[in-house]
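File shown here: structure.tsv, holding TSV, C-alpha atoms.
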```
chain	number	residue	atom	x	y	z
A	1	MET	CA	-72.08	-116.00	-94.84
A	2	ALA	CA	-75.22	-118.09	-94.61
A	3	GLY	CA	-78.38	-116.10	-95.23
A	4	GLN	CA	-81.95	-117.23	-94.95
A	5	ILE	CA	-83.79	-118.25	-98.09
A	6	GLY	CA	-86.39	-115.65	-99.05
A	7	SER	CA	-84.88	-112.93	-96.86
A	8	PRO	CA	-81.95	-110.48	-97.17
A	9	LYS	CA	-81.31	-110.85	-93.46
A	10	VAL	CA	-78.52	-113.01	-92.03
A	11	ALA	CA	-79.60	-116.06	-90.03
A	12	LEU	CA	-77.64	-115.93	-86.78
A	13	LEU	CA	-78.05	-119.67	-86.20
A	14	GLY	CA	-76.35	-120.34	-89.54
A	15	LEU	CA	-73.11	-118.61	-88.54
A	16	THR	CA	-70.12	-120.31	-86.98
A	17	ARG	CA	-68.60	-118.53	-83.99
A	18	GLN	CA	-65.87	-117.09	-86.23
A	19	GLU	CA	-68.40	-115.91	-88.82
A	20	LEU	CA	-70.46	-114.21	-86.13
A	21	SER	CA	-67.35	-112.48	-84.82
A	22	ASP	CA	-66.42	-111.37	-88.36
A	23	LEU	CA	-69.92	-110.01	-88.97
A	24	LEU	CA	-69.95	-107.87	-85.83
A	25	SER	CA	-66.36	-106.83	-86.43
A	26	SER	CA	-67.35	-105.56	-89.90
A	27	TRP	CA	-69.92	-103.39	-88.11
A	28	GLY	CA	-67.28	-102.06	-85.72
A	29	TYR	CA	-68.04	-104.15	-82.62
A	30	SER	CA	-65.50	-106.13	-80.63
A	31	LYS	CA	-65.39	-109.85	-79.84
A	32	TYR	CA	-66.88	-109.00	-76.46
A	33	TYR	CA	-70.23	-108.37	-78.14
A	34	SER	CA	-70.07	-111.34	-80.52
A	35	GLY	CA	-69.40	-113.45	-77.44
A	36	LYS	CA	-72.54	-112.08	-75.81
A	37	VAL	CA	-74.65	-112.86	-78.86
A	38	TRP	CA	-73.16	-116.35	-79.19
A	39	SER	CA	-73.85	-117.06	-75.51
A	40	ALA	CA	-77.41	-115.80	-75.88
A	41	LEU	CA	-78.01	-118.16	-78.80
A	42	TYR	CA	-76.54	-121.34	-77.35
A	43	ARG	CA	-75.97	-121.01	-73.59
A	44	GLN	CA	-79.08	-119.03	-72.72
A	45	GLN	CA	-81.12	-120.41	-75.63
A	46	LEU	CA	-82.80	-117.07	-76.31
A	47	SER	CA	-85.06	-116.66	-79.33
A	48	ARG	CA	-85.47	-112.85	-79.52
A	49	ILE	CA	-82.79	-110.25	-80.17
A	50	GLU	CA	-84.40	-107.83	-77.71
A	51	ALA	CA	-83.97	-110.43	-74.96
A	52	ILE	CA	-80.16	-110.52	-75.28
A	53	PRO	CA	-78.78	-108.85	-72.14
A	54	GLY	CA	-75.95	-106.32	-72.08
A	55	LEU	CA	-76.07	-105.16	-75.70
A	56	ARG	CA	-75.58	-101.56	-76.73
A	57	SER	CA	-78.81	-100.10	-78.08
A	58	ASP	CA	-77.23	-99.34	-81.46
A	59	LEU	CA	-76.05	-102.95	-81.82
A	60	GLN	CA	-79.43	-104.30	-80.80
A	61	ASP	CA	-81.05	-102.07	-83.41
A	62	ARG	CA	-78.67	-103.21	-86.14
A	63	LEU	CA	-79.14	-106.87	-85.24
A	64	SER	CA	-82.92	-106.41	-85.34
A	65	LYS	CA	-82.73	-104.87	-88.81
A	66	ARG	CA	-80.02	-107.05	-90.34
A	67	THR	CA	-80.40	-110.51	-88.77
A	68	ILE	CA	-82.99	-113.07	-87.72
A	69	MET	CA	-82.97	-115.57	-84.86
A	70	LYS	CA	-86.15	-117.62	-85.29
A	71	LEU	CA	-86.04	-119.83	-88.39
A	72	LEU	CA	-88.78	-122.35	-87.74
A	73	THR	CA	-92.02	-122.65	-85.80
A	74	PRO	CA	-93.53	-125.85	-84.36
A	75	VAL	CA	-96.91	-126.59	-85.95
A	76	THR	CA	-97.83	-129.92	-84.40
A	77	VAL	CA	-96.24	-132.30	-81.90
A	78	VAL	CA	-97.37	-135.92	-81.71
A	79	THR	CA	-96.28	-138.32	-78.97
A	80	SER	CA	-96.02	-142.10	-79.19
A	81	ASP	CA	-98.20	-144.26	-76.96
A	82	ASP	CA	-95.25	-145.12	-74.72
A	83	GLY	CA	-94.42	-141.43	-74.31
A	84	GLN	CA	-90.79	-141.94	-75.36
A	85	THR	CA	-90.91	-140.53	-78.89
A	86	LYS	CA	-92.13	-137.17	-80.15
A	87	LYS	CA	-92.41	-136.09	-83.77
A	88	ILE	CA	-92.45	-132.36	-84.47
A	89	LEU	CA	-93.73	-130.72	-87.62
A	90	TYR	CA	-91.93	-127.40	-88.14
A	91	ARG	CA	-92.89	-124.61	-90.52
A	92	LEU	CA	-89.95	-122.77	-92.10
A	93	ARG	CA	-90.01	-119.06	-92.90
A	94	ASP	CA	-90.91	-119.70	-96.55
A	95	GLY	CA	-93.91	-121.82	-95.54
A	96	LYS	CA	-92.36	-125.21	-96.26
A	97	THR	CA	-92.41	-127.86	-93.55
A	98	ILE	CA	-90.08	-130.51	-92.15
A	99	GLU	CA	-90.19	-133.15	-89.43
A	100	THR	CA	-87.83	-133.75	-86.50
A	101	VAL	CA	-87.97	-136.63	-84.01
A	102	ILE	CA	-87.05	-136.68	-80.30
A	103	MET	CA	-86.32	-140.22	-79.09
A	104	GLY	CA	-86.08	-140.88	-75.37
A	105	TYR	CA	-84.12	-143.86	-74.06
A	106	ARG	CA	-83.46	-144.92	-70.48
A	107	ASP	CA	-80.13	-143.10	-70.29
A	108	ARG	CA	-80.16	-140.61	-73.14
A	109	ILE	CA	-82.08	-138.45	-75.60
A	110	THR	CA	-81.39	-138.78	-79.32
A	111	LEU	CA	-82.50	-136.17	-81.82
A	112	CYS	CA	-83.18	-137.15	-85.44
A	113	VAL	CA	-82.83	-134.04	-87.62
A	114	SER	CA	-83.63	-133.29	-91.25
A	115	THR	CA	-81.28	-131.75	-93.82
A	116	GLN	CA	-83.67	-131.26	-96.75
A	117	VAL	CA	-87.31	-130.61	-97.48
A	118	GLY	CA	-88.09	-133.95	-99.07
A	119	CYS	CA	-85.42	-136.10	-100.73
A	120	ALA	CA	-84.21	-136.69	-104.28
A	121	ILE	CA	-82.84	-140.22	-103.73
A	122	GLY	CA	-86.16	-142.00	-104.18
A	123	CYS	CA	-85.64	-145.20	-102.14
A	124	VAL	CA	-88.83	-147.15	-102.86
A	125	PHE	CA	-89.61	-147.98	-99.22
A	126	CYS	CA	-88.97	-144.48	-97.82
A	127	ALA	CA	-91.84	-142.03	-97.31
A	128	THR	CA	-89.56	-139.01	-97.66
A	129	GLY	CA	-88.27	-140.27	-101.00
A	130	GLN	CA	-91.82	-140.88	-102.15
A	131	MET	CA	-92.68	-137.19	-101.61
A	132	GLY	CA	-89.83	-135.96	-103.81
A	133	PHE	CA	-87.34	-133.13	-103.31
A	134	GLU	CA	-88.17	-129.47	-102.68
A	135	ARG	CA	-85.00	-127.79	-101.39
A	136	ASN	CA	-81.96	-128.00	-99.13
A	137	LEU	CA	-82.08	-126.66	-95.62
A	138	THR	CA	-79.70	-123.88	-94.63
A	139	PRO	CA	-77.18	-124.46	-91.82
A	140	GLY	CA	-79.34	-122.31	-89.54
A	141	GLU	CA	-82.45	-124.37	-90.25
A	142	ILE	CA	-80.55	-127.53	-89.34
A	143	VAL	CA	-79.15	-126.04	-86.12
A	144	ALA	CA	-82.56	-124.59	-85.22
A	145	GLN	CA	-84.02	-128.12	-84.99
A	146	VAL	CA	-81.55	-128.85	-82.19
A	147	GLN	CA	-82.13	-125.55	-80.43
A	148	GLU	CA	-85.93	-125.70	-80.65
A	149	ALA	CA	-86.21	-129.24	-79.29
A	150	GLY	CA	-85.93	-128.02	-75.71
A	151	ARG	CA	-88.69	-125.48	-76.18
A	152	VAL	CA	-90.97	-128.16	-77.57
A	153	GLU	CA	-90.28	-130.19	-74.44
A	154	GLY	CA	-91.06	-127.14	-72.28
A	155	LYS	CA	-87.47	-126.82	-71.13
A	156	GLU	CA	-84.95	-124.04	-71.54
A	157	ARG	CA	-82.49	-126.54	-72.94
A	158	LEU	CA	-82.93	-130.21	-73.81
A	159	ALA	CA	-80.08	-132.45	-72.70
A	160	VAL	CA	-79.54	-134.06	-76.11
A	161	ARG	CA	-76.80	-136.67	-76.00
A	162	ASN	CA	-76.89	-137.95	-79.57
A	163	ILE	CA	-77.81	-136.40	-82.91
A	164	VAL	CA	-78.49	-138.49	-86.00
A	165	PHE	CA	-78.76	-136.93	-89.45
A	166	MET	CA	-81.33	-139.52	-90.46
A	167	GLY	CA	-84.42	-137.33	-90.85
A	168	MET	CA	-85.79	-136.01	-94.09
A	169	GLY	CA	-83.26	-135.76	-96.90
A	170	GLU	CA	-79.82	-137.02	-97.89
A	171	PRO	CA	-77.21	-135.14	-95.80
A	172	MET	CA	-74.46	-135.70	-98.36
A	173	HIS	CA	-76.61	-133.99	-101.02
A	174	ASN	CA	-76.54	-130.94	-98.76
A	175	PHE	CA	-72.90	-131.38	-97.83
A	176	GLU	CA	-71.73	-127.83	-97.06
A	177	SER	CA	-74.78	-126.88	-94.99
A	178	THR	CA	-74.57	-130.14	-93.03
A	179	MET	CA	-70.86	-129.68	-92.28
A	180	THR	CA	-71.38	-126.07	-91.20
A	181	ALA	CA	-74.27	-127.10	-88.93
A	182	ILE	CA	-72.09	-129.77	-87.32
A	183	GLU	CA	-69.33	-127.21	-86.71
A	184	ILE	CA	-71.85	-124.98	-84.92
A	185	ILE	CA	-73.46	-127.83	-82.95
A	186	THR	CA	-70.12	-129.21	-81.74
A	187	ASP	CA	-68.56	-125.85	-80.79
A	188	ASP	CA	-67.48	-126.27	-77.18
A	189	SER	CA	-68.60	-122.73	-76.39
A	190	GLY	CA	-72.08	-123.42	-77.74
A	191	LEU	CA	-74.26	-126.52	-77.80
A	192	ALA	CA	-71.08	-128.53	-77.16
A	193	ILE	CA	-72.38	-131.87	-78.42
A	194	GLY	CA	-69.39	-134.15	-78.96
A	195	PRO	CA	-68.78	-135.14	-82.60
A	196	ARG	CA	-68.55	-138.80	-81.57
A	197	HIS	CA	-72.20	-138.52	-80.52
A	198	ILE	CA	-73.23	-137.44	-84.02
A	199	THR	CA	-74.01	-139.76	-86.93
A	200	ILE	CA	-74.45	-138.86	-90.59
A	201	SER	CA	-76.52	-141.36	-92.55
A	202	THR	CA	-76.06	-141.51	-96.31
A	203	ILE	CA	-77.32	-143.74	-99.09
A	204	GLY	CA	-73.70	-143.95	-100.19
A	205	LEU	CA	-72.55	-141.14	-102.46
A	206	PRO	CA	-68.91	-142.04	-103.26
A	207	ASN	CA	-67.58	-138.54	-103.99
A	208	GLU	CA	-69.15	-137.07	-100.85
A	209	ILE	CA	-67.96	-139.95	-98.65
A	210	ARG	CA	-64.42	-139.24	-99.83
A	211	LYS	CA	-64.87	-135.52	-99.24
A	212	PHE	CA	-66.22	-136.27	-95.76
A	213	ALA	CA	-63.21	-138.51	-95.08
A	214	ASP	CA	-60.86	-135.68	-96.04
A	215	THR	CA	-62.39	-133.43	-93.37
A	216	LYS	CA	-61.28	-136.01	-90.77
A	217	MET	CA	-64.22	-134.85	-88.70
A	218	PRO	CA	-64.69	-137.45	-85.90
A	219	VAL	CA	-68.38	-137.92	-86.70
A	220	ASN	CA	-69.89	-141.37	-87.20
A	221	LEU	CA	-70.73	-142.49	-90.73
A	222	ALA	CA	-73.70	-144.74	-91.48
A	223	VAL	CA	-74.22	-146.09	-95.00
A	224	SER	CA	-77.66	-147.36	-96.03
A	225	LEU	CA	-76.93	-150.62	-97.82
A	226	HIS	CA	-80.20	-152.67	-97.99
A	227	ALA	CA	-78.82	-155.06	-100.63
A	228	ALA	CA	-75.38	-156.52	-101.32
A	229	ASN	CA	-75.55	-156.91	-105.10
A	230	ASP	CA	-76.26	-154.29	-107.75
A	231	LYS	CA	-79.41	-155.89	-109.17
A	232	ASP	CA	-81.24	-156.07	-105.85
A	233	ARG	CA	-79.94	-152.73	-104.61
A	234	SER	CA	-80.96	-150.88	-107.77
A	235	ALA	CA	-84.51	-152.19	-107.31
A	236	LEU	CA	-84.67	-150.72	-103.80
A	237	VAL	CA	-82.34	-147.75	-104.20
A	238	PRO	CA	-82.53	-146.41	-107.79
A	239	ILE	CA	-79.46	-144.16	-107.37
A	240	ASN	CA	-77.43	-147.39	-107.30
A	241	ASN	CA	-77.73	-147.35	-111.10
A	242	ARG	CA	-75.55	-144.23	-111.07
A	243	TRP	CA	-73.31	-145.12	-108.13
A	244	PRO	CA	-73.03	-148.95	-108.06
A	245	LEU	CA	-71.88	-150.88	-105.03
A	246	ASP	CA	-68.24	-151.27	-106.04
A	247	LEU	CA	-67.82	-147.47	-106.08
A	248	VAL	CA	-69.60	-147.13	-102.73
A	249	ILE	CA	-67.44	-149.79	-101.09
A	250	GLU	CA	-64.25	-148.29	-102.57
A	251	ALA	CA	-65.23	-144.95	-101.02
A	252	CYS	CA	-65.85	-146.67	-97.68
A	253	TYR	CA	-62.37	-148.20	-97.74
A	254	TYR	CA	-60.98	-144.74	-98.51
A	255	TYR	CA	-62.91	-143.34	-95.54
A	256	GLN	CA	-61.45	-145.96	-93.21
A	257	GLU	CA	-57.94	-145.46	-94.54
A	258	LYS	CA	-58.23	-141.73	-93.83
A	259	THR	CA	-60.06	-141.84	-90.49
A	260	ARG	CA	-59.45	-145.30	-88.97
A	261	ARG	CA	-63.12	-145.22	-87.93
A	262	ARG	CA	-65.74	-147.97	-88.01
A	263	ILE	CA	-68.59	-147.61	-90.50
A	264	PHE	CA	-72.16	-148.49	-89.61
A	265	PHE	CA	-74.18	-150.11	-92.39
A	266	GLU	CA	-77.97	-149.81	-92.30
A	267	TRP	CA	-80.10	-152.68	-93.57
A	268	ALA	CA	-83.90	-152.40	-93.72
A	269	LEU	CA	-85.05	-155.99	-93.27
A	270	ILE	CA	-87.91	-156.61	-95.71
A	271	ALA	CA	-89.70	-159.96	-95.49
A	272	GLY	CA	-89.01	-162.14	-98.52
A	273	VAL	CA	-86.93	-159.43	-100.20
A	274	ASN	CA	-83.61	-159.10	-98.37
A	275	ASP	CA	-83.96	-161.10	-95.13
A	276	THR	CA	-82.82	-164.55	-96.31
A	277	ALA	CA	-79.71	-166.57	-95.43
A	278	LYS	CA	-78.44	-165.92	-98.97
A	279	ASN	CA	-78.73	-162.15	-98.38
A	280	ALA	CA	-76.86	-162.45	-95.09
A	281	HIS	CA	-74.01	-164.39	-96.71
A	282	GLU	CA	-73.75	-161.71	-99.41
A	283	VAL	CA	-73.41	-159.03	-96.72
A	284	GLY	CA	-70.75	-161.08	-94.94
A	285	GLN	CA	-68.73	-161.51	-98.12
A	286	LEU	CA	-69.05	-157.82	-98.99
A	287	LEU	CA	-68.05	-156.39	-95.60
A	288	SER	CA	-65.90	-159.05	-93.91
A	289	LYS	CA	-62.62	-157.23	-94.60
A	290	MET	CA	-63.94	-153.91	-93.33
A	291	ASP	CA	-64.27	-152.52	-89.81
A	292	ALA	CA	-68.05	-152.52	-89.96
A	293	HIS	CA	-71.13	-152.82	-87.78
A	294	VAL	CA	-74.47	-153.76	-89.36
A	295	ASN	CA	-77.68	-152.21	-88.02
A	296	LEU	CA	-80.63	-154.42	-88.93
A	297	ILE	CA	-83.88	-152.44	-89.04
A	298	PRO	CA	-87.13	-154.37	-89.58
A	299	LEU	CA	-88.93	-152.38	-92.28
A	300	ASN	CA	-91.12	-149.52	-91.09
A	301	LEU	CA	-94.34	-149.49	-93.09
A	302	THR	CA	-95.15	-146.64	-95.48
A	303	ILE	CA	-98.22	-146.01	-97.62
A	304	GLY	CA	-96.28	-146.02	-100.88
A	305	PHE	CA	-94.59	-149.43	-100.44
A	306	ASP	CA	-96.31	-152.77	-99.84
A	307	GLY	CA	-93.34	-154.61	-98.28
A	308	GLN	CA	-93.55	-156.07	-94.79
A	309	PRO	CA	-91.01	-156.14	-91.93
A	310	ALA	CA	-88.97	-159.28	-91.43
A	311	ASN	CA	-89.82	-161.33	-88.33
A	312	ARG	CA	-87.58	-162.02	-85.34
A	313	LYS	CA	-86.59	-165.45	-86.58
A	314	SER	CA	-85.26	-164.03	-89.85
A	315	ALA	CA	-83.44	-161.23	-88.01
A	316	SER	CA	-81.81	-163.72	-85.60
A	317	LEU	CA	-80.67	-165.98	-88.45
A	318	PHE	CA	-79.28	-162.95	-90.29
A	319	GLN	CA	-77.26	-161.99	-87.22
A	320	GLN	CA	-76.01	-165.55	-86.74
A	321	ILE	CA	-74.68	-165.67	-90.29
A	322	LEU	CA	-73.02	-162.25	-89.96
A	323	ARG	CA	-71.21	-163.52	-86.85
A	324	GLU	CA	-69.69	-166.29	-88.97
A	325	TYR	CA	-67.95	-163.54	-90.95
A	326	GLY	CA	-66.83	-161.71	-87.81
A	327	LEU	CA	-69.35	-158.92	-88.36
A	328	PRO	CA	-71.05	-157.43	-85.28
A	329	SER	CA	-74.68	-156.42	-85.73
A	330	THR	CA	-77.62	-154.96	-83.84
A	331	VAL	CA	-81.33	-155.37	-84.45
A	332	ARG	CA	-82.40	-151.75	-84.10
A	333	GLN	CA	-84.96	-150.90	-81.46
A	334	ARG	CA	-88.05	-149.58	-83.26
A	335	LYS	CA	-89.39	-146.36	-81.77
A	336	GLY	CA	-92.29	-144.11	-82.67
A	337	ILE	CA	-93.78	-146.48	-85.24
A	338	ASP	CA	-97.32	-145.71	-84.07
A	339	ILE	CA	-96.81	-142.04	-84.99
A	340	ASN	CA	-94.88	-142.69	-88.22
A	341	ALA	CA	-91.66	-141.44	-86.66
A	342	GLY	CA	-89.48	-144.43	-87.50
A	343	CYS	CA	-86.66	-144.63	-90.04
A	344	GLY	CA	-88.07	-144.04	-93.52
A	345	GLN	CA	-91.46	-142.85	-92.27
A	346	LEU	CA	-90.96	-139.07	-92.19
A	347	ARG	CA	-93.12	-137.35	-94.74
A	348	VAL	CA	-94.87	-133.99	-94.94
A	349	ASN	CA	-98.44	-134.44	-96.11
```
Represent the structure contained in this file as C-alpha cells.
Amino acid sequence: MAGQIGSPKVALLGLTRQELSDLLSSWGYSKYYSGKVWSALYRQQLSRIEAIPGLRSDLQDRLSKRTIMKLLTPVTVVTSDDGQTKKILYRLRDGKTIETVIMGYRDRITLCVSTQVGCAIGCVFCATGQMGFERNLTPGEIVAQVQEAGRVEGKERLAVRNIVFMGMGEPMHNFESTMTAIEIITDDSGLAIGPRHITISTIGLPNEIRKFADTKMPVNLAVSLHAANDKDRSALVPINNRWPLDLVIEACYYYQEKTRRRIFFEWALIAGVNDTAKNAHEVGQLLSKMDAHVNLIPLNLTIGFDGQPANRKSASLFQQILREYGLPSTVRQRKGIDINAGCGQLRVN
C-alpha cells in the first residue's frame, strides 16, 4: 500500500477504495467503516480524521496513529489579471514544493496537476525541465491536488470537469503512481471524474505508451512532439536521442491499435524554429495515417530559453497546411501567462 515519503504512516488519499477496505479489514473492521472513511475523504471532502462522523472511538484512534489525511499545504495562490486562472504553490510534508493550476473557462473548470517535483526530461524551453528532477509524487500527493483545489477556491468541493496531467513532471516517468491516482480520481463512489475528461501528457516514452495502451484505460493521451524529424527534435527534446521519433510513432500506432482512441499531439510553436511551412508539411507527412489531433501552442516564455512565440499568421498557415493532410488542429487558448501558469512555465523557485 502507498505510504507517505518520510513517514511510516499510510496516506489515506493514496489508497484505492479496495486498498482502504483491505487496510481496515486487516484491523478487524467491516466494509461499513471503510465506506464511511471513503465517503469522508471524497464526498464530504474532510481533511481531519477527528471530523469523520460515525466512527468508533477505537477506529478513530487507530486511524489517527497509523494514517494521515493532509499531504500538502497551500503556500501561495496567485491569480491572473482576468481572474480565470489561479496558480497554487503547495508545500509537501517533506518540505518540497509543487505547483498546480486551476483554469476557468466559460463552461468548465480544468485542473492542471503535477506528478513529480521537477522533471528529468530537460526540454530546453520548459521551466520545469530547467529546474531538474527531485522526486516522484506519491499517488496521494497527486490526488490531494484535486481534493485541495476546492479549499483554495473557498468551496467545500470544486466542480472540476477536466484534469490534465500537464503540470510539473513527466507522468509516464511516474507511471504506477499516476495510474493509481487516476483509479482513485475516477472511482464513481469518490471524486467520480470521468476518465474521458482526463488527459495524460507525455514527451513520448515508447515503453510506457505501450504499457498505458495495455491498461485500456479510456483516458486521453497527448504526446509532446514539437519537431517532426530527429535532428530538430533532439535539439528541443534531448531525450529524443534515446527514444527517436520512429520508436515514438510505432508506440502511438500500437496505442491506437489497442484502444481505437485518437491521440493529441502537442506542438509548441516557436518563431523561426518550428513554425514554418516546411515544419507543417513534415507534421502532415508524419501523422497523416494516424487518428490524430494537433494542438498548436504558441511558446510560453521562460527565463532559461530565449525563443519567442510564433505569431498568428504563422499559426494560421500551419493549420492550413495540416488541413491539406486531413489533420484537425487547434491553436490552444493561452491562459495564465501573466502569472507564469502556462504550459512549460511551472517552476519552483
Per-residue nearest contacts of region 150-205 of chain A to region 240-264 of chain A (10 Å; only C-alpha atoms) as a Markdown table:
```
| residue | atom | partner | partner_atom | distance |
| --- | --- | --- | --- | --- |
| A:Thr199 | CA | A:Phe264 | CA | 9.3 |
| A:Ile200 | CA | A:Phe264 | CA | 9.9 |
| A:Ser201 | CA | A:Phe264 | CA | 8.9 |
| A:Ile203 | CA | A:Asn240 | CA | 9.0 |
| A:Gly204 | CA | A:Val248 | CA | 5.8 |
| A:Leu205 | CA | A:Val248 | CA | 6.7 |
```
The residue from A:Pro328, A:Gln147, A:Asn136, A:Asp82 with the smallest atom-to-atom distance to Gly190 (chain A), counting only C-alpha atoms, is A:Gln147
*Non-local contacts of Val143 (chain A) (8 Å; all atoms listed in the file; under 6 positions in same chain excluded) as a PyMOL selection string*: chain A and resi 13-14+181+184-185
Spatial neighbours of Lys70 (chain A), 9 Å, only C-alpha atoms, chain gap at least 5 places, as an MDAnalysis selection string
chainID A and resid 11:13 47:48 93 144
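Summary of the local environment: counting all atoms listed in the file, residues at most 9 Å from Glu208 (chain A), other than itself and those fewer than 5 positions away along its chain, are Met172, His173, Phe175, Ala213 and Ala251 of chain A.
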query: Within 6 Å of (-84.9, -161.1, -92.0), in the coordinates the file gives, what residues turn up when you count only C-alpha atoms, written out as an MDAnalysis selection string?
result: chainID A and resid 269 275:276 310 314:315
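Atom pair CA of Lys87 (chain A) / CA of Val331 (chain A) has a distance of 22.2 Å (rounded to one decimal).
Distance-wise, CA of Gly83 (chain A) and CA of Gly104 (chain A) end up 8.4 Å apart.
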Find the residues around Gly169 (chain A) up to 12 Å (all atoms listed in the file counted), leave out those fewer than 2 positions away in its own chain, and share them as a PyMOL selection string. chain A and resi 98-100+112-123+126-137+142+165-167+171-175+178+200-203+343-348
Of A:Met69, A:Asp188, A:Glu282, A:Glu19, the one sitting nearest Gln45 (chain A) when using only C-alpha atoms is A:Met69
Within 12 Å of Arg62 (chain A) using all atoms listed in the file, minus same-chain residues under 6 positions, as an MDAnalysis selection string
chainID A and resid 9:10 23:24 27:29 49:50 55:56 68
Min atom-atom distance to Val237 (chain A) from the set A:Val124, A:Arg17, A:Gly140, A:Arg106, counting all atoms listed in the file, belongs to A:Val124
